[in-house]
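Taking it in order: structure first as structure tokens, then the write-up.
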Amino acid sequence: MTRPRIFYGWWVTGAFAAMVFTSAGIRHAVGPFLKPMVADLGVDRASFSLVIALGLLLYGVFQPWTSALVDRIGVRAVTVGGTVLLAAALALTSRCQNLWQLALVYSVIGSLALSATGPVMASSVVSRWFHRRRGTALSVLGSASGTGMSLLVPGATWLILTVGWRQTFLVMAAGVLVLMLPLCLFVLRDSPESIGLRPDGDSAQRVGSGSMVERTSITAAVQTLAFWQLAGSFLTCGFSMSLLASHGMPMLTDHGYTPMLASWALSLFGASSIGFTMLLGIVADRYGRRPVLSAVYGGRAFVFAGLFLIRDNPAALLAVAIVGGVTMAGTMSMTSALTADIYGRFSVGPVLGVIFLVHQTGSAVGASLAGVLFETTGGYGAAFVLACTLLVAAALVSIRIDDGSRVLRVRPARA
């Protein structure tokens with residue numbers, strides 16, 4: 001049987017990239033909605049931030065469950081259900097009249113849908129399709145996340161200014177169905193073995209001599225030092241990114257920048273991350289994931305400092321955003337790749353799902369604490385100082401992530 005010229009794993013990666021572009025873009029586009037929704041619903045930023053924080057936390061809580069569900073009913077069934085649910089949640093959000101309705105629809109239903117269509121789901125399946133090119137493939141997903149941020153943030157801002165925030169949610173709901181549903185139905189597959197292929201498109205002889213399919217249980221994984229190093233550093237990623245997504249645009253407009261300029265600054269983070277993230281994947285496949293992950297966290301600390309400190313200088317602000325792109329999307333791809341390297345490619349879904357729960361705990365704290373600190377101090381300075389401190393600590397931890405051999409209680413069993 002002749003092997004196809006393009007390994008099918010790349011089609012799966014491309015389909016997931018389109019889905020991540022949409023779902024991650026929607027998740028990062030919450031900032032433009034903050035001021036108009038706060039004004040329309042008659043609440044303060046702290047209360048609104050608590051609803052956003054609830055959604056971020058539930059996104060992480062649902063993730064291990066939806067990841068495990070893939071092993072039971074398959075990736076197509078999970079992603080189709082998630083896509084339909086996401087469209088419904090966005091449409092219903094447009095009808096919300098108060099915070100409890102928003103919490104139910106956006107935070108609960110929307111978070112469940114995002115957990116079935118987002119980057120963790122994509123990373124867990126894509127990791128099954130690759131060994132040698134895993135870093136590159138996962139970086140494609142990271143680039144898609146950055147692209148979604150770069151296009152949907154200014155797109156959502158323009159729609160909000162043109163037709164209002166309620167109509168904008170309806171447009172997003174329609175876009176989810178049109179773009180994502182066909183990919184779930186006709187392209188996605190569970191693993192190369194499910195269609196008679198091998199990881200990377202290798203022959204059976206090569207796989208048999210150089211690779212080993214591994215599974216590590218959650219119980220075993222959490223007893224290793226590496227798990228907590230990955231989870232702890234990823235918590236910092238969640239804290240900083242939710243701070244930027246939820247409060248970055250309001251902060252910049254508070255500093256005197258126009259809404260469109262602020263949205264373009266945030267979109268440049270995503271746009272410039274596209275090429276940088278692909279480069280990071282190639283470098284990581286050749287020189288290792290740990291130094292790349294450490295550099296990303298350390299660089300993000302400097303970028304966040306610049307983002308807060310630059311005032312009345314649009315050119316400098318946009319320059320920081322462009323340079324900052326290299327620090328935006330690499331954390332997910334490198335953390336996913338390290339999870340697969342350490343615990344096995346069929347363990348990425350459940351293990352990364354729990355690691356992502358820690359990430360989303362950081363996200364919830366970042367979004368809510370920033371709102372509370374704003375109402376208490378009148379600004380975002382304290383929140384950005386805390387974020388920079390945590391990012392520096394994550395950089396130091398990441399460079400020394402263990403290979404999984406050091407255990408905290410008993411050695412994990414691998415099959």
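Chain labels follow the order of the structure tokens: the first chain is A, the next B, and so on; residue numbering restarts at 1 in every chain, and ligands are counted from 1 in their shown order.
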List the neighbours of segment 364-381 of chain A out to 6 Å using only C-alpha atoms; skip same-chain residues closer than 4 positions along the sequence, and give me the result as a list in words.
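Here the answer would be Arg45, Ala46, Ser49, Leu50, Ala53, Leu56, Leu57, Phe239, Ser242 and Leu243 of chain A.
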Extract the full set of helix (DSSP H, G or I) residues from segment 168-360 of chain A according to DSSP on the backbone, and format it as a PyMOL selection string.
chain A and resi 168-186+192-195+199-201+204-210+218-221+225-254+259-287+289-309+314-327+330-343+345-360
Any chance you could tabulate, as a tab-separated table, the residues of segment 119-170 of chain A at most 9 Å from segment 341-358 of chain A with each one's nearest atom pair and distance in Å to one decimal, using only C-alpha atoms, in chain and rising number order?
```
residue	atom	partner	partner_atom	distance
A:Val120	CA	A:Gly353	CA	6.8
A:Met121	CA	A:Gly349	CA	6.8
A:Ser123	CA	A:Val348	CA	7.6
A:Ser124	CA	A:Gly349	CA	4.5
A:Val125	CA	A:Gly349	CA	7.4
A:Ser127	CA	A:Arg345	CA	5.7
A:Arg128	CA	A:Arg345	CA	5.2
A:Trp129	CA	A:Arg345	CA	8.5
A:Phe130	CA	A:Arg345	CA	8.4
A:His131	CA	A:Arg345	CA	8.3
```
Keeping only N, CA and C atoms, take the residues you just selected and write them out as a CSV table (one decimal), in the first residue's frame.
```csv
chain,number,residue,atom,x,y,z
A,120,VAL,N,-6.2,22.3,24.8
A,120,VAL,CA,-5.8,21.1,25.5
A,120,VAL,C,-6.3,19.8,24.8
A,121,MET,N,-7.6,19.9,24.4
A,121,MET,CA,-8.1,18.8,23.6
A,121,MET,C,-7.3,18.6,22.3
A,123,SER,N,-4.2,19.5,21.7
A,123,SER,CA,-2.8,19.0,22.0
A,123,SER,C,-2.8,17.5,22.3
A,124,SER,N,-3.8,17.1,23.1
A,124,SER,CA,-3.8,15.7,23.5
A,124,SER,C,-4.0,14.7,22.3
A,125,VAL,N,-4.8,15.1,21.3
A,125,VAL,CA,-4.9,14.3,20.1
A,125,VAL,C,-3.8,14.4,19.2
A,127,SER,N,-0.7,15.1,19.8
A,127,SER,CA,0.5,14.5,20.4
A,127,SER,C,0.5,13.0,20.0
A,128,ARG,N,-0.7,12.4,19.8
A,128,ARG,CA,-0.7,10.9,19.4
A,128,ARG,C,-0.1,10.7,18.0
A,129,TRP,N,-0.2,11.7,17.2
A,129,TRP,CA,0.1,11.5,15.8
A,129,TRP,C,1.6,11.7,15.5
A,130,PHE,N,2.4,12.2,16.5
A,130,PHE,CA,3.8,12.6,16.2
A,130,PHE,C,4.7,12.1,17.3
A,131,HIS,N,6.0,11.8,17.0
A,131,HIS,CA,7.1,11.6,17.9
A,131,HIS,C,8.1,12.7,17.6
```
If you measure from atom CA of Val140 of chain A to atom CA of Val171 of chain A, what distance in Å do you get, rounded to one decimal?
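About the pair atom CA of Val140 of chain A and atom CA of Val171 of chain A: they are 26.1 Å apart.
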So that I can check the surroundings of Val108 of chain A, please list as a list in words every protein, DNA and RNA residue that reaches within 10 Å of it, counting only C-alpha atoms and ignoring chain neighbours fewer than 2 positions away.
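Surrounding residues, per the criterion: Val51, Leu54, Gly55, Leu56, Leu57, Leu58, Tyr59, Phe62, Ala89, Leu102, Ala103, Leu104, Val105, Tyr106, Gly110, Ser111, Leu112 and Ala113 of chain A.
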Name the residues in contact with Ser233 of chain A at a cut-off of 12 Å, using only C-alpha atoms, excluding same-chain residues fewer than 3 positions from it; report them as number ranges by chain.
A: 226-230, 236-240, 290, 293-294, 296-298, 331-332, 334-335, 355-356, 358-359, 362, 390-401
Quick one: write out the picked residues with N, CA and C atoms as a CSV table (one decimal), in the first residue's frame?
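Written out: result_11.csv:
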```csv
chain,number,residue,atom,x,y,z
A,226,ALA,N,8.2,16.2,38.3
A,226,ALA,CA,8.0,16.9,37.0
A,226,ALA,C,6.6,17.4,36.8
A,227,PHE,N,5.6,16.7,37.3
A,227,PHE,CA,4.2,17.1,37.2
A,227,PHE,C,4.0,18.4,37.9
A,228,TRP,N,4.5,18.6,39.1
A,228,TRP,CA,4.3,19.8,39.8
A,228,TRP,C,5.1,21.0,39.3
A,229,GLN,N,6.3,20.7,38.7
A,229,GLN,CA,7.0,21.7,38.0
A,229,GLN,C,6.3,22.2,36.8
A,230,LEU,N,5.7,21.3,36.0
A,230,LEU,CA,4.9,21.7,34.8
A,230,LEU,C,3.7,22.4,35.3
A,236,THR,N,1.3,30.0,36.4
A,236,THR,CA,1.8,31.4,36.2
A,236,THR,C,1.3,31.9,34.8
A,237,CYS,N,1.4,31.0,33.8
A,237,CYS,CA,0.9,31.3,32.5
A,237,CYS,C,-0.6,31.7,32.5
A,238,GLY,N,-1.4,30.9,33.2
A,238,GLY,CA,-2.8,31.2,33.3
A,238,GLY,C,-3.0,32.5,34.0
A,239,PHE,N,-2.3,32.8,35.1
A,239,PHE,CA,-2.5,34.1,35.8
A,239,PHE,C,-2.2,35.3,34.9
A,240,SER,N,-1.1,35.2,34.2
A,240,SER,CA,-0.7,36.3,33.4
A,240,SER,C,-1.5,36.5,32.1
A,290,ARG,N,12.9,22.5,27.5
A,290,ARG,CA,13.1,23.2,28.7
A,290,ARG,C,13.7,24.6,28.6
A,293,LEU,N,11.0,26.9,27.0
A,293,LEU,CA,9.9,27.2,27.9
A,293,LEU,C,10.4,28.3,28.9
A,294,SER,N,11.6,28.1,29.4
A,294,SER,CA,12.2,29.0,30.4
A,294,SER,C,12.3,30.4,29.8
A,296,VAL,N,10.6,31.7,27.3
A,296,VAL,CA,9.3,32.3,27.1
A,296,VAL,C,8.8,32.9,28.4
A,297,TYR,N,8.9,32.3,29.5
A,297,TYR,CA,8.4,32.8,30.7
A,297,TYR,C,9.2,34.1,31.1
A,298,GLY,N,10.5,34.0,31.0
A,298,GLY,CA,11.3,35.2,31.4
A,298,GLY,C,11.0,36.3,30.5
A,331,THR,N,4.0,28.6,25.6
A,331,THR,CA,3.9,27.9,26.9
A,331,THR,C,3.0,26.6,26.7
A,332,MET,N,1.9,26.7,26.0
A,332,MET,CA,1.0,25.6,25.8
A,332,MET,C,1.7,24.5,25.0
A,334,MET,N,5.0,23.9,24.4
A,334,MET,CA,6.1,23.3,25.1
A,334,MET,C,5.6,22.5,26.3
A,335,THR,N,4.6,22.9,27.1
A,335,THR,CA,4.1,22.1,28.2
A,335,THR,C,3.5,20.8,27.7
A,355,ILE,N,-3.1,19.2,34.6
A,355,ILE,CA,-2.2,20.4,34.6
A,355,ILE,C,-2.9,21.6,34.2
A,356,PHE,N,-3.8,21.5,33.2
A,356,PHE,CA,-4.5,22.7,32.7
A,356,PHE,C,-5.5,23.2,33.7
A,358,VAL,N,-4.8,23.3,36.9
A,358,VAL,CA,-4.0,24.2,37.7
A,358,VAL,C,-3.8,25.6,36.9
A,359,HIS,N,-3.6,25.5,35.6
A,359,HIS,CA,-3.4,26.7,34.8
A,359,HIS,C,-4.7,27.6,34.9
A,362,GLY,N,-5.0,29.4,38.1
A,362,GLY,CA,-4.3,30.7,38.0
A,362,GLY,C,-5.0,31.7,37.2
A,390,LEU,N,5.8,36.4,39.4
A,390,LEU,CA,5.5,34.9,39.1
A,390,LEU,C,6.1,34.4,37.9
A,391,LEU,N,6.2,35.2,36.8
A,391,LEU,CA,6.8,34.8,35.5
A,391,LEU,C,8.3,34.6,35.7
A,392,VAL,N,9.0,35.4,36.4
A,392,VAL,CA,10.4,35.2,36.7
A,392,VAL,C,10.6,33.8,37.4
A,393,ALA,N,9.8,33.6,38.4
A,393,ALA,CA,9.9,32.3,39.2
A,393,ALA,C,9.6,31.1,38.2
A,394,ALA,N,8.6,31.2,37.3
A,394,ALA,CA,8.3,30.2,36.4
A,394,ALA,C,9.5,29.9,35.5
A,395,ALA,N,10.2,30.9,35.1
A,395,ALA,CA,11.4,30.8,34.2
A,395,ALA,C,12.5,30.0,34.9
A,396,LEU,N,12.7,30.2,36.2
A,396,LEU,CA,13.7,29.5,36.9
A,396,LEU,C,13.3,28.0,37.1
A,397,VAL,N,12.0,27.8,37.3
A,397,VAL,CA,11.6,26.4,37.5
A,397,VAL,C,11.7,25.6,36.2
A,398,SER,N,11.3,26.2,35.1
A,398,SER,CA,11.2,25.5,33.8
A,398,SER,C,12.5,25.0,33.3
A,399,ILE,N,13.5,25.7,33.6
A,399,ILE,CA,14.8,25.2,33.1
A,399,ILE,C,15.3,23.9,33.7
A,400,ARG,N,14.7,23.6,34.9
A,400,ARG,CA,15.1,22.4,35.6
A,400,ARG,C,14.0,21.4,35.8
A,401,ILE,N,13.1,21.4,34.8
A,401,ILE,CA,12.0,20.4,34.9
A,401,ILE,C,12.6,19.0,34.8
```
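Taking atom CA of Leu151 of chain A as the reference point, atom CA of Ala321 of chain A is found at 14.3 Å.
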Quick one: residues within 12 Å of Ser333 of chain A, only C-alpha atoms counted, chain neighbours fewer than 4 positions away excluded, as number ranges by chain?
A: 119-120, 122-124, 126-127, 134-146, 234, 277-282, 284-285, 289-290, 292-293, 296, 327-329, 337-340, 348, 352
Selection above as a file: C-alpha atoms, as a compact mmCIF listing (two decimals), in the first residue's frame:
```
# COMPACT_ATOMS: atom_id res chain seq x y z
CA PRO A 119 -6.08 23.83 22.89
CA VAL A 120 -5.81 21.06 25.51
CA ALA A 122 -6.26 19.56 20.39
CA SER A 123 -2.84 19.02 21.98
CA SER A 124 -3.83 15.69 23.49
CA VAL A 126 -2.18 15.83 17.99
CA SER A 127 0.46 14.45 20.38
CA ARG A 134 5.80 16.74 18.02
CA GLY A 135 7.19 20.15 18.94
CA THR A 136 6.57 21.50 15.45
CA ALA A 137 3.04 20.09 15.25
CA LEU A 138 2.06 21.44 18.67
CA SER A 139 3.54 24.81 17.75
CA VAL A 140 1.12 24.96 14.83
CA LEU A 141 -1.65 24.89 17.43
CA GLY A 142 0.11 27.62 19.40
CA SER A 143 0.30 29.75 16.28
CA ALA A 144 -3.40 29.20 15.68
CA SER A 145 -4.15 30.42 19.19
CA GLY A 146 -2.09 33.54 18.55
CA PHE A 234 1.68 26.70 33.88
CA THR A 277 5.83 30.04 17.81
CA MET A 278 6.56 27.95 14.71
CA LEU A 279 10.25 28.82 15.13
CA LEU A 280 10.10 27.83 18.81
CA GLY A 281 8.74 24.41 17.86
CA ILE A 282 11.56 23.78 15.40
CA ALA A 284 12.63 22.81 20.67
CA ASP A 285 12.62 19.68 18.48
CA ARG A 289 11.83 22.03 25.32
CA ARG A 290 13.07 23.21 28.73
CA VAL A 292 12.67 27.32 25.25
CA LEU A 293 9.94 27.24 27.90
CA VAL A 296 9.32 32.28 27.09
CA THR A 327 6.22 34.89 24.68
CA MET A 328 2.50 34.41 24.10
CA ALA A 329 1.82 30.98 22.63
CA ALA A 337 5.26 18.39 24.32
CA LEU A 338 7.01 17.87 27.67
CA THR A 339 3.93 16.08 29.03
CA ALA A 340 4.03 13.69 26.07
CA VAL A 348 -1.39 13.74 27.30
CA LEU A 352 -2.39 17.63 30.64
```
Using only C-alpha atoms, which protein or nucleic acid residues come within 9 Å of segment 17-30 of chain A? Drop anything in the same chain fewer than 4 positions from it, and give the result as a count of residues only.
40
I'd like the contact shell of Leu225 of chain A - 8 Å cut-off, only C-alpha atoms, skipping same-chain residues fewer than 3 positions apart - returned as an NGL selection string.
:A and (222 or 228-229 or 402 or 404 or 406-408)
